[in-house]
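Engineer: Just dropping this structure here.
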Amino acid sequence: MNHDNYRNRVSAVSFSFVVFGIVLIIFLFSLSQHLNLNEAQVVNYSTGSIIDNEAMTKIRKTMYSFLKNHNYNPNSEITIRTSSAMRTESGFVSTLIDVDSIEQTYRIRINPEQKTIVVACPSLAETKYPNTFCEGGDGEFDDTLEKVLGKLLPYEGTTQSGYKYSLYRYSLDRNLYVREYACAENDTAAKEILEAVRGLIKDNGGNPDIINKVYEFNNC
């Protein structure tokens, strides 16, 4: 009987150690997650860059908030294109960031004094993902549509057959609005205007398939 009691005590102690080990692992995992809380994961950061440690911490926190606000995974891994890092004449540090998991490229600008960061859409030539629509945080029209047609809008056009149309956008709206000066039932006009708009986007370096177009018609 004494032997049985001893084995029971040993079993209880062993079980306690197992439970303690599991709890400890869970605690350490939670702690590691907490330490990285509210920070995106930079996968290629190296010391000696013009982006110092303080600025890098700000980048991680800013990108976390930016991705979360745009309904992306805020813990996404981000890659800094170190070859693109530069210091502007005004003293700002600028570099490109790729987020491969969501197929997005951003250009960030860092104020070295205030350590404030602006996350903006890059130029069409800079993006790694030209077939993904970009929404930046540098003003209301910081997006792919602005990079492609921003200098042209509002735009008045005419198809080869003489159908007139206009292109414009509203404030805080990511859509391209196409007003057709024809009846909605006029399939020929609609087809020609659609092709004209797609051609205009392509001619300006954009992908017409990623720009959402809203069609409006004059009353007949």
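Ordered as shown in the structure tokens, chains take letters A, B, and onward, while each chain numbers its residues from 1 and ligands are numbered from 1 in the order shown.
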Excluding A:Gly136 and residues on its chain fewer than 3 positions from it, collect all residues at most 8 Å away from it, counting only C-alpha atoms, and give them as a ChimeraX atom specification.

Structural biologist: /A:106,119-121,139,142-143

Engineer: Grab the residues selected above and save them as a PDB file, in the first residue's frame with N, CA, C and O atoms.

Structural biologist:
```pdb
ATOM      1  N   TYR A 106       4.663  50.143 -51.325  1.00  0.00           N
ATOM      2  CA  TYR A 106       4.426  51.484 -50.811  1.00  0.00           C
ATOM      3  C   TYR A 106       5.740  52.250 -50.773  1.00  0.00           C
ATOM      4  O   TYR A 106       6.810  51.669 -50.599  1.00  0.00           O
ATOM      5  N   VAL A 119       2.826  56.948 -45.545  1.00  0.00           N
ATOM      6  CA  VAL A 119       2.787  55.748 -46.381  1.00  0.00           C
ATOM      7  C   VAL A 119       2.034  56.098 -47.657  1.00  0.00           C
ATOM      8  O   VAL A 119       0.835  56.389 -47.611  1.00  0.00           O
ATOM      9  N   ALA A 120       2.724  56.096 -48.785  1.00  0.00           N
ATOM     10  CA  ALA A 120       2.126  56.541 -50.041  1.00  0.00           C
ATOM     11  C   ALA A 120       2.248  55.461 -51.114  1.00  0.00           C
ATOM     12  O   ALA A 120       3.067  54.539 -51.012  1.00  0.00           O
ATOM     13  N   CYS A 121       1.423  55.582 -52.142  1.00  0.00           N
ATOM     14  CA  CYS A 121       1.554  54.700 -53.300  1.00  0.00           C
ATOM     15  C   CYS A 121       2.759  55.140 -54.127  1.00  0.00           C
ATOM     16  O   CYS A 121       2.991  56.335 -54.298  1.00  0.00           O
ATOM     17  N   GLY A 139      -2.971  61.767 -48.603  1.00  0.00           N
ATOM     18  CA  GLY A 139      -4.015  62.583 -49.207  1.00  0.00           C
ATOM     19  C   GLY A 139      -5.153  61.754 -49.760  1.00  0.00           C
ATOM     20  O   GLY A 139      -5.059  60.529 -49.896  1.00  0.00           O
ATOM     21  N   ASP A 142      -4.503  59.575 -53.143  1.00  0.00           N
ATOM     22  CA  ASP A 142      -3.267  58.800 -53.203  1.00  0.00           C
ATOM     23  C   ASP A 142      -3.609  57.348 -53.502  1.00  0.00           C
ATOM     24  O   ASP A 142      -3.812  56.537 -52.590  1.00  0.00           O
ATOM     25  N   ASP A 143      -3.689  57.017 -54.780  1.00  0.00           N
ATOM     26  CA  ASP A 143      -4.016  55.651 -55.173  1.00  0.00           C
ATOM     27  C   ASP A 143      -3.580  55.425 -56.618  1.00  0.00           C
ATOM     28  O   ASP A 143      -3.026  56.312 -57.274  1.00  0.00           O
TER      29      ASP A 143
END
```

Engineer: Could you name the residues that touch stretch 206-217 of chain A at 6 Å or less, counting only C-alpha atoms, but leaving out those on the same chain fewer than 6 positions away, as a list of chain:residue names?

Structural biologist: A:Phe133, A:Val148, A:Asn175, A:Leu176, A:Tyr177, A:Val178, A:Arg179, A:Glu180, A:Ala184, A:Arg198

Engineer: Excluding A:Gln104 and its own-chain neighbours fewer than 3 positions away, which residues fall within 7 Å of it when counting only C-alpha atoms? Please give them as a ChimeraX atom specification.

Structural biologist: /A:98-100,129,132,134

Engineer: May I have the residues within 9 Å of stretch 73-85 of chain A as a count of residues only, using only C-alpha atoms and disregarding those fewer than 6 positions away in the same chain?

Structural biologist: 29

Engineer: Determine which residues of stretch 147-202 of chain A DSSP labels as strand (DSSP E) from the backbone of this structure, then write them out as a PyMOL selection string.

Structural biologist: chain A and resi 155-158+164-168+176-180

Engineer: Could you check how far atom CA of A:Asn69 sits from atom CA of A:Leu124, in Å to one decimal?

Structural biologist: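 Computed distance, atom CA of A:Asn69 to atom CA of A:Leu124, equals 23.2 Å.
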
Engineer: What is the distance, in Å and to one decimal place, between atom CA of A:Arg87 and atom CA of A:Met56?

Structural biologist: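 Spanning atom CA of A:Arg87 to atom CA of A:Met56 is a straight-line distance of 15.1 Å.
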
Engineer: Taking only stretch 49-177 of chain A into account, list the residues labelled helix (DSSP H, G or I) by DSSP (computed from the backbone), as a list in words.

Structural biologist: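 The helix (DSSP H, G or I) subset of stretch 49-177 of chain A is Asn53, Glu54, Ala55, Met56, Thr57, Lys58, Ile59, Arg60, Lys61, Thr62, Met63, Tyr64, Ser65, Phe66, Leu67, Lys68, Asn69, Asp100, Ser101, Ile102, Thr144, Leu145, Glu146, Lys147, Val148 and Leu149 of chain A.
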